[in-house]
Amino acid sequence: MNIRTIAITAAALGVLGYLVYRSEDATTRKPVANKVTVLYWEKWTGDEAQKMRRIVNNFNASQDHIYVKMLSISGVADKTLLAASGGNPPDVAGLWDTQMTQFKDAGALTDLAPLAAEFGIKEEDYIPGYWKLMSPGGTLVAFPTTPASTALHINKKFLKPGEVPPQTLEELDAFTDRISKVKDGKVELAGFMPAEPGWWNWGWGYWFGGKLIDGDKLTINSPENIRAFEWVLSYSKRFGVRETQNFQSGFGNFSSPQNPFMSEKVVSVMQGVWMANFIDLYNKKLPWIAVPFPLPKDQQHLKGMNFIAMDTLVIPTGAKHKREAFEFIAFVQRQDQMELLCSSHGKNSPLVKVTDKFFNTHLNPYIRLFDELARSPNAAYIPQIGIWPQMDSELKNAFTEINLGTKTPKEALDAAQARLDPQWRRYQQQVMGRSITTAEAKP
Amino acid sequence: MKSEARIAYLFAMPWILGFLTFLLYPVMASFFYSFTDFSVLRPPRFIGLENYKEMVQDEVFWMTIRNTFTYVVAAVPLSATVAIILAMLLNTKVKGLAFYRTLFYVPSLVPMVALGILWLWIFNGEHGLLNMSLEKLGMSKPPNWLGDPAWSKVTLVLIAMWGSGNAMVIYLAGLQDIPQSLYEAADLDGARLVAKTRHVTLPMLSPVILFNVIMGMIGALQVFAVPYVMFPNGAPARSTYFFTTYLFDNAFRFQRMGYASAMGWVLFLITLTLTFVALRLSERQVHYDRS
Amino acid sequence: MKEKKFSLATVHIVLIVLSLIFVSPLLWMVTTAIKPIEETMSATPTLLPSKFLWDNFPKAVTYGSKELGYIPFLLYARNTLMVTLLCVAGSVCSNAVVAYAFARLRWPGRDFFFAVTLATMMVPFPVLMVPTFGLFKWLGWVGSFRPLWVPAFFGSAFSIFLLRQFFRTIPMELSEAAKIDGCSEVRIFTDILLPLAKPALAVVALFTFMGTWNDFMGPMIYLSDQETFTLSLGLQAYQSQHGGTQWNLLMAAATVVILPVIVVFFFAQKMFIQGIATSGLKG
């Protein structure tokens with residue numbers, strides 16, 4: 001080994017050693033003096049994460065014994081799952097409402113009722129629909145960050161002056177027939193399309209009085225659901241299955257100026273309260289209105305029906321600083337902070353009490369409508385069942401098969417029911433039969 | 001002999017240690033999990049062969065097997081062909097080689113977060129770059145790449161061929177190692193390009209081809225990232241629902257890690273068998289320099 | 001002579017057409033980066049934007065606000081570089097050494113262990129995620145960079161397989177001749193094999209670099225501090241669930257992320273060419 005080799009090797013080792021030193025240094029925990037550090041992992045990224053950071057900063061500035069450290073990362077559910085499995089979950093996790101029941105059944109979420117009582121937070125403070133989402137199976141495990149409700153958004157250009165927007169589903173169908181343009185067999189404009197955006201394809205049955213679970217039974221292929229999907233199929237048949245597919249193939253990314261609603265290919269869509277944000281970003285000039293999504297003539301007693309959802313904050317079981325974590329959550333639930341957050345996200349507020357300022361300064365011109373819809377006793381949300389991810393997967397598939405014409409509505413829903421029944425049975429035996437009563441929130 | 005063995009163990013020590021430390025436990029653990037009901041959040045519970053029995057009856061499992069096999073059979077040979085052709089083209093004395101090589105390899109490194117969207121854009125049925133080009137070339141009804149179950153897998157195969165930059169680089173390095181003298185001898189014999197390829201290039205490249213085909217097969221059997229981003233839930237109608245996507249869903253979305261582990265070991269057995277077959281079949285075709 | 005000129009020209013044409021096809025997504029990414037938001041993903045695709053927003057690049061890199069903090073892009077780049085360099089160093093060193101044992105030395109259990117090595121690549125990753133995480137948790141490495149670079153120093157099945165195939169193409173006579181001259185295996189390795197294997201080693205270094213630079217899963221799972229994030233995690237900062245993603249900024253950021261990789265590749269590929277010039281095998 002000559003001098004040159006030794007010199008090069010030594011230099012290389014030196015560089016490596018330096019790199020190792022730097023990487024160790026970067027990750028050494030520097031605890032904040034005299035404060036309890038609460039780890040908060042949030043699924044939001046981008047602007048929404050930044051707006052949540054403001055609330056976090058407000059909290060950190062408002063008191064001097066807790067420091068909340070926020071991590072914004074999109075794979076938060078997987079990361080929390082892994083961390084919890086390793087016994088080291090974050091103190092607060094910002095998850096999706098679709099996972100609540102599943103996580104609760106697995107004993108992964110702390111029962112927050114005792115802490116809520118201690119902090120004076122009551123059920124009456126919240127809009128009833130959201131409270132149900134917070135308490136799957138009756139156990140309070142989640143608090144909202146931002147909620148949402150949904151409505152029919154219509155491109156005003158296609159409404160005749162003074163025309164009243166569709167009030168019943170049949171009127172919506174007639175509107176579609178009147179407005180849609182088909183040239184040489186090619187669809188150019190559609191009044192409405194159930195597949196767009198397709199985020200609530202699991203729920204069409206609700207508009208027809210159908211439900212997906214009834215007590216302990218899955219009712220996927222109930223007559224109401226089949227009727228709903230017959231109605232969905234009628235839209236595919238309206239222009240022809242092939243032509244509809246070709247039309248849809250030209251839809252751009254949802255979150256882009258080529259969104260079919262924004263590029264005026266589809267005149268009306270069912271969308272959430274956040275739609276105003278997208279319109280504002282991608283096509284400010286679009287004239288639009290929002291109205292309650294219409295119900296069929298014979299379901300008018302379900303007036304106020306719409307889909308509500310929320311983003312949640314939970315305290316995983318095994319979190320190290322539960323009490324401090326809840327103190328942070330309670331801060332977010334304060335009316336002023338909640339309104340600040342929801343307003344900046346362009347969403348409605350989950351609290352019963354709302355200030356006029358919230359409505360008057362809100363970006364969404366139809367915020368009052370969305371608020372009203374959220375409060376409706378007929379508002380619907382995802383079934384609170386532990387196998388929801390599997391159900392969602394099956395229903396999405398059933399919807400596509402119906403739209404493509406490969407299965408009739410009855411066949412598709414029967415198939416989904418047949419696949420899900422054994423899975424539900426197994427889940428009830430394996431998971432719920434031995435479910436641990438969720439850990440007490442001993443601070 | 002003995003001292004050669006001792007030296008060999010010394011040389012192999014990093015991997016032996018690495019294997020024992022980082023791989024043995026997870027692999028053994030996952031094997032154990034395949035016989036349990038394991039939701040990740042709670043301790044696993046032994047249920048014997050239940051997972052495997054369930055798999056046999058699971059029609060989505062079989063669908064993903066069919067989808068994955070279709071993809072492998074199409075993607076592996078096509079990607080290999082593209083990669084070899086590109087490598088051969090880039091092994092010539094054409095000017096600007098450095099630029100060409102970069103242009104062929106680098107696009108496959110675009111981060112997935114941007115790449116997924118770019119592909120959805122390019123394959124858009126109406127105003128995607130691909131269909132607009134096809135229409136300009138005279139095709140009246142170009143395929144609905146993303147929404148038609150008959151075409152969705154083709155889309156993924158095309159993307160796989162485009163992403164063969166990795167393999168191309170390996171073939172390039174392999175081509176560099178072929179002695180010029182062999183080509184010169186062939187030239188003296190009057191051989192043309194096709195003959196030279198058949199009798200010099202491909203045989204000399206065969207260990208590398210074997211490597212790429214096996215790695216390509218192993219990778220294709222586990223295809224995950226692109227379909228996961230572009231076709232959530234295996235849309236449309238589960239035509240792009242592949243084995244590892246379904247496995248991932250079972251593990252992390254449905255919280256059935258036990259079932260997912262069982263699936264993983266089934267895939268392992270399939271891959272092992274296919275690799276063994278490939279190695280056996282290749283014994284006659286692959287030329288090593290006398291080892 | 002004429003035949004040679006003609007075939008070179010054909011090669012040129014084929015290369016140009018193919019490279020346009022291959023580079024089109026990349027081109028699209030870069031042109032989207034300089035477009036105003038309304039023109040991104042437009043229905044009448046315009047290759048060139050109406051106005052060139054070159055300042056999207058600095059905007060992307062300084063994303064954020066004074067009040068709530070900027071996305072520390074440079075910090076992420078530094079972190080990514082650190083981990084990547086460590087991985088490349090570890091990968092080249094460990095894999096070369098291990099592959100030599102598999103390719104050129106005889107020892108009991110070699111072929112069986114090689115089969116086991118190959119087999120480890122056949123277990124799909126989601127299945128190993130939980131126990132691997134558990135292992136790192138037990139070692140106390142979660143939250144640090146160690147799970148990301150330490151395993152690279154212990155070899156990887158892919159690179160071992162790759163290098164083994166390459167090493168086996170080098171004639172055994174060279175080693176045998178050296179042994180007769182009295183060289184030790186270590187000398188054969190360093191003086192004969194390594195120089196000849198430069199292209200293959202360059203490939204391993206390149207792949208490790210690329211794989212680590214863009215790796216998302218590893219950092220996502222093991223890093224717990226926003227300041228320790230890598231570039232692949234940082235790219236998420238431009239995506240929004242309900243607010244509308246700023247595609248031009250995202251593409252601008254992605255372009256910036258991929259730029260070092262392009263540069264590295266452009267210069268690294270010279271290594272492949274060098275192999276043919278310096279190795280004693282040719283001609």
# chains A, B, ... in the order shown; residues from 1 in each chain; ligands from 1
call {"tool": "interface_residues", "arguments": {"of": "chain A", "to": "chain C", "cutoff": "7 Å", "atoms": "only C-alpha atoms", "output": "PDB file with N, CA and C atoms, in the first residue's frame"}}
result
ATOM      1  N   LEU A  16     -16.281  10.717   5.422  1.00  0.00           N
ATOM      2  CA  LEU A  16     -17.374   9.896   5.927  1.00  0.00           C
ATOM      3  C   LEU A  16     -17.635  10.170   7.398  1.00  0.00           C
ATOM      4  N   LEU A  19     -19.517  13.259   7.791  1.00  0.00           N
ATOM      5  CA  LEU A  19     -20.927  13.106   7.425  1.00  0.00           C
ATOM      6  C   LEU A  19     -21.714  12.427   8.537  1.00  0.00           C
ATOM      7  N   SER A  23     -24.820  14.006  10.627  1.00  0.00           N
ATOM      8  CA  SER A  23     -26.155  13.415  10.618  1.00  0.00           C
ATOM      9  C   SER A  23     -26.608  13.095  12.039  1.00  0.00           C
ATOM     10  N   ALA A  26     -27.672  16.367  13.646  1.00  0.00           N
ATOM     11  CA  ALA A  26     -28.944  16.922  13.178  1.00  0.00           C
ATOM     12  C   ALA A  26     -30.128  16.293  13.866  1.00  0.00           C
ATOM     13  N   THR A  27     -29.965  15.051  14.294  1.00  0.00           N
ATOM     14  CA  THR A  27     -31.138  14.380  14.838  1.00  0.00           C
ATOM     15  C   THR A  27     -31.120  14.237  16.346  1.00  0.00           C
ATOM     16  N   TRP A  44     -51.877  16.953   6.775  1.00  0.00           N
ATOM     17  CA  TRP A  44     -51.897  18.057   5.812  1.00  0.00           C
ATOM     18  C   TRP A  44     -50.491  18.418   5.376  1.00  0.00           C
ATOM     19  N   THR A  45     -50.407  18.851   4.128  1.00  0.00           N
ATOM     20  CA  THR A  45     -49.145  19.392   3.628  1.00  0.00           C
ATOM     21  C   THR A  45     -49.478  20.727   2.985  1.00  0.00           C
ATOM     22  N   GLY A  46     -48.483  21.369   2.459  1.00  0.00           N
ATOM     23  CA  GLY A  46     -48.743  22.605   1.713  1.00  0.00           C
ATOM     24  C   GLY A  46     -49.360  23.702   2.549  1.00  0.00           C
ATOM     25  N   ASP A  47     -50.199  24.461   1.895  1.00  0.00           N
ATOM     26  CA  ASP A  47     -50.812  25.625   2.538  1.00  0.00           C
ATOM     27  C   ASP A  47     -51.604  25.251   3.777  1.00  0.00           C
ATOM     28  N   GLU A  48     -52.323  24.137   3.696  1.00  0.00           N
ATOM     29  CA  GLU A  48     -53.162  23.782   4.834  1.00  0.00           C
ATOM     30  C   GLU A  48     -52.336  23.503   6.075  1.00  0.00           C
ATOM     31  N   GLN A  50     -49.484  24.881   6.700  1.00  0.00           N
ATOM     32  CA  GLN A  50     -49.013  26.187   7.168  1.00  0.00           C
ATOM     33  C   GLN A  50     -50.070  26.865   8.024  1.00  0.00           C
ATOM     34  N   ARG A  53     -50.175  25.443  11.333  1.00  0.00           N
ATOM     35  CA  ARG A  53     -49.014  25.887  12.109  1.00  0.00           C
ATOM     36  C   ARG A  53     -49.299  27.179  12.853  1.00  0.00           C
ATOM     37  N   ARG A  54     -50.121  28.006  12.237  1.00  0.00           N
ATOM     38  CA  ARG A  54     -50.446  29.265  12.902  1.00  0.00           C
ATOM     39  C   ARG A  54     -51.153  28.979  14.228  1.00  0.00           C
ATOM     40  N   LEU A  71     -45.414  18.074  12.855  1.00  0.00           N
ATOM     41  CA  LEU A  71     -44.751  17.433  11.727  1.00  0.00           C
ATOM     42  C   LEU A  71     -45.792  17.270  10.632  1.00  0.00           C
ATOM     43  N   LYS A  79     -47.438   6.097   9.124  1.00  0.00           N
ATOM     44  CA  LYS A  79     -46.355   6.403  10.056  1.00  0.00           C
ATOM     45  C   LYS A  79     -46.832   6.233  11.492  1.00  0.00           C
ATOM     46  N   LEU A  82     -47.166   2.501  12.313  1.00  0.00           N
ATOM     47  CA  LEU A  82     -45.883   1.879  12.605  1.00  0.00           C
ATOM     48  C   LEU A  82     -45.358   2.319  13.961  1.00  0.00           C
ATOM     49  N   GLY A  86     -44.639   0.142  17.377  1.00  0.00           N
ATOM     50  CA  GLY A  86     -43.363   0.113  18.070  1.00  0.00           C
ATOM     51  C   GLY A  86     -43.465   0.666  19.467  1.00  0.00           C
ATOM     52  N   SER A 255     -57.625  18.445  -9.305  1.00  0.00           N
ATOM     53  CA  SER A 255     -57.031  19.650  -8.747  1.00  0.00           C
ATOM     54  C   SER A 255     -56.229  20.357  -9.819  1.00  0.00           C
ATOM     55  N   SER A 256     -56.918  20.876 -10.819  1.00  0.00           N
ATOM     56  CA  SER A 256     -56.215  21.565 -11.892  1.00  0.00           C
ATOM     57  C   SER A 256     -57.217  22.415 -12.645  1.00  0.00           C
ATOM     58  N   PRO A 257     -56.743  23.304 -13.492  1.00  0.00           N
ATOM     59  CA  PRO A 257     -57.689  24.095 -14.286  1.00  0.00           C
ATOM     60  C   PRO A 257     -58.520  23.225 -15.224  1.00  0.00           C
ATOM     61  N   GLN A 258     -58.088  21.989 -15.419  1.00  0.00           N
ATOM     62  CA  GLN A 258     -58.818  21.082 -16.303  1.00  0.00           C
ATOM     63  C   GLN A 258     -59.857  20.269 -15.589  1.00  0.00           C
ATOM     64  N   TRP A 274     -65.040  22.962   0.258  1.00  0.00           N
ATOM     65  CA  TRP A 274     -63.725  23.405  -0.187  1.00  0.00           C
ATOM     66  C   TRP A 274     -63.670  23.779  -1.660  1.00  0.00           C
ATOM     67  N   ASN A 277     -62.312  27.024  -2.854  1.00  0.00           N
ATOM     68  CA  ASN A 277     -60.868  27.245  -2.890  1.00  0.00           C
ATOM     69  C   ASN A 277     -60.310  26.908  -4.259  1.00  0.00           C
ATOM     70  N   PHE A 278     -60.774  25.763  -4.803  1.00  0.00           N
ATOM     71  CA  PHE A 278     -60.243  25.324  -6.083  1.00  0.00           C
ATOM     72  C   PHE A 278     -60.653  26.279  -7.189  1.00  0.00           C
ATOM     73  N   LEU A 281     -58.637  29.299  -7.157  1.00  0.00           N
ATOM     74  CA  LEU A 281     -57.253  29.150  -7.609  1.00  0.00           C
ATOM     75  C   LEU A 281     -57.159  28.924  -9.109  1.00  0.00           C
ATOM     76  N   TYR A 282     -58.034  28.061  -9.627  1.00  0.00           N
ATOM     77  CA  TYR A 282     -57.852  27.626 -11.009  1.00  0.00           C
ATOM     78  C   TYR A 282     -58.713  28.368 -12.026  1.00  0.00           C
TER      79      TYR A 282
END
call {"tool": "residues_around", "arguments": {"residues": "Leu175 (chain B)", "least_positions_apart": "6", "cutoff": "9 Å", "atoms": "only C-alpha atoms", "output": "list in words"}}
result
Ala87, Met88, Asn91, Thr201, Met204 and Leu205 of chain B
call {"tool": "closest_atom_pairs", "arguments": {"of": "chain B", "to": "chain A", "cutoff": "6 Å", "atoms": "only C-alpha atoms", "output": "CSV"}}
result
residue,atom,partner,partner_atom,distance
B:Val40,CA,A:Ser85,CA,5.9
B:Leu41,CA,A:Ser85,CA,5.3
B:Asn124,CA,A:Gly250,CA,6.0
B:Gly125,CA,A:Ser249,CA,4.6
B:Glu126,CA,A:Gly250,CA,4.3
B:Gly147,CA,A:Ser249,CA,5.9
B:Ala237,CA,A:Asn397,CA,5.3
B:Phe254,CA,A:Pro389,CA,5.9
call {"tool": "atom_distance", "arguments": {"atom1": "CA of Ile188 (chain C)", "atom2": "CA of Leu174 (chain C)"}}
result
8.8 Å
call {"tool": "closest_residue", "arguments": {"among": "B:Met132, B:Ile209, B:Leu137, B:Leu115", "to": "Ile84 (chain B)", "atoms": "only C-alpha atoms"}}
result
B:Ile209
call {"tool": "interface_residues", "arguments": {"of": "chain B", "to": "chain C", "cutoff": "6 Å", "atoms": "only C-alpha atoms", "output": "list in words"}}
result
Ala5, Ala8, Phe11, Ala12, Pro14, Trp15, Gly18, Pro26, Leu103, Phe104, Pro107, His127, Ala173, Gln176, Pro179, Gln180, Ser181, Phe248, Ser261, Gly264, Phe268, Tyr288 and Asp289 of chain B
call {"tool": "residues_around", "arguments": {"residues": "Arg45 (chain B)", "least_positions_apart": "6", "cutoff": "12 Å", "atoms": "only C-alpha atoms", "output": "list in words"}}
result
Gln430, Val431 and Arg434 of chain A; Phe32, Tyr33, Ser34, Phe35, Thr36, Asp37, Phe38, Ser39, Asn51, Arg256, Met257, Gly258 and Tyr259 of chain B
call {"tool": "write_last_selection", "arguments": {"atoms": "C-alpha atoms", "output": "mmCIF file, in the first residue's frame"}}
result
data_model
loop_
_atom_site.group_PDB
_atom_site.id
_atom_site.type_symbol
_atom_site.label_atom_id
_atom_site.label_comp_id
_atom_site.auth_asym_id
_atom_site.auth_seq_id
_atom_site.Cartn_x
_atom_site.Cartn_y
_atom_site.Cartn_z
ATOM 1 C CA GLN A 430 -61.449 -11.613 15.389
ATOM 2 C CA VAL A 431 -61.320 -7.929 16.197
ATOM 3 C CA ARG A 434 -61.643 -9.642 21.623
ATOM 4 C CA PHE B 32 -44.613 -16.123 11.488
ATOM 5 C CA TYR B 33 -47.159 -13.360 10.948
ATOM 6 C CA SER B 34 -48.519 -15.179 7.936
ATOM 7 C CA PHE B 35 -49.994 -17.720 10.344
ATOM 8 C CA THR B 36 -51.585 -15.099 12.555
ATOM 9 C CA ASP B 37 -54.301 -12.529 12.606
ATOM 10 C CA PHE B 38 -52.333 -9.360 13.108
ATOM 11 C CA SER B 39 -53.769 -5.887 12.944
ATOM 12 C CA ASN B 51 -54.994 -16.939 5.944
ATOM 13 C CA ARG B 256 -54.761 -7.311 8.109
ATOM 14 C CA MET B 257 -51.018 -7.706 8.314
ATOM 15 C CA GLY B 258 -51.340 -11.458 8.863
ATOM 16 C CA TYR B 259 -53.196 -11.957 5.610
#
call {"tool": "residues_around", "arguments": {"residues": "Asn221 (chain A)", "least_positions_apart": "4", "cutoff": "10 Å", "atoms": "only C-alpha atoms", "output": "count of residues only"}}
result
17
call {"tool": "residues_around", "arguments": {"residues": "region 364-377 of chain A", "least_positions_apart": "5", "cutoff": "9 Å", "atoms": "only C-alpha atoms", "output": "PyMOL selection string"}}
result
chain A and resi 127-130+147-151+272-277+289-292+302-308+343+346-350+352+359
call {"tool": "select_by_dssp", "arguments": {"residues": "region 60-271 of chain C", "states": "strand (DSSP E)", "output": "PyMOL selection string"}}
result
chain C and resi 64-65+69-70
call {"tool": "atom_distance", "arguments": {"atom1": "CA of Trp119 (chain B)", "atom2": "CA of Trp62 (chain B)"}}
result
27.7 Å
call {"tool": "residues_around", "arguments": {"residues": "Leu249 (chain C)", "least_positions_apart": "5", "cutoff": "8 Å", "atoms": "only C-alpha atoms", "output": "list in words"}}
result
Ala33, Asn56, Phe57, Lys59, Ala60 and Tyr238 of chain C
call {"tool": "atom_distance", "arguments": {"atom1": "CA of Trp121 (chain B)", "atom2": "CA of Ser108 (chain B)"}}
result
16.2 Å
call {"tool": "residues_around", "arguments": {"residues": "Asp298 (chain A)", "least_positions_apart": "6", "cutoff": "10 Å", "atoms": "only C-alpha atoms", "output": "list of chain:residue names"}}
result
A:Thr168, A:Leu169, A:Phe208, A:Gly209
call {"tool": "write_last_selection", "arguments": {"atoms": "N, CA and C atoms", "output": "tab-separated table (two decimals), in the first residue's frame"}}
result
chain	number	residue	atom	x	y	z
A	168	THR	N	-85.59	18.83	-7.24
A	168	THR	CA	-85.71	17.40	-7.02
A	168	THR	C	-84.74	16.71	-7.97
A	169	LEU	N	-84.48	15.46	-7.68
A	169	LEU	CA	-83.56	14.69	-8.50
A	169	LEU	C	-84.09	14.55	-9.92
A	208	PHE	N	-81.72	7.83	-1.67
A	208	PHE	CA	-82.96	7.11	-1.94
A	208	PHE	C	-83.47	6.40	-0.70
A	209	GLY	N	-82.99	6.85	0.46
A	209	GLY	CA	-83.45	6.26	1.70
A	209	GLY	C	-82.75	4.98	2.07
call {"tool": "select_by_dssp", "arguments": {"residues": "region 26-123 of chain B", "states": "alpha helix (DSSP H)", "output": "ChimeraX atom specification"}}
result
/B:26-33,50-57,59-90,97-105,112-122
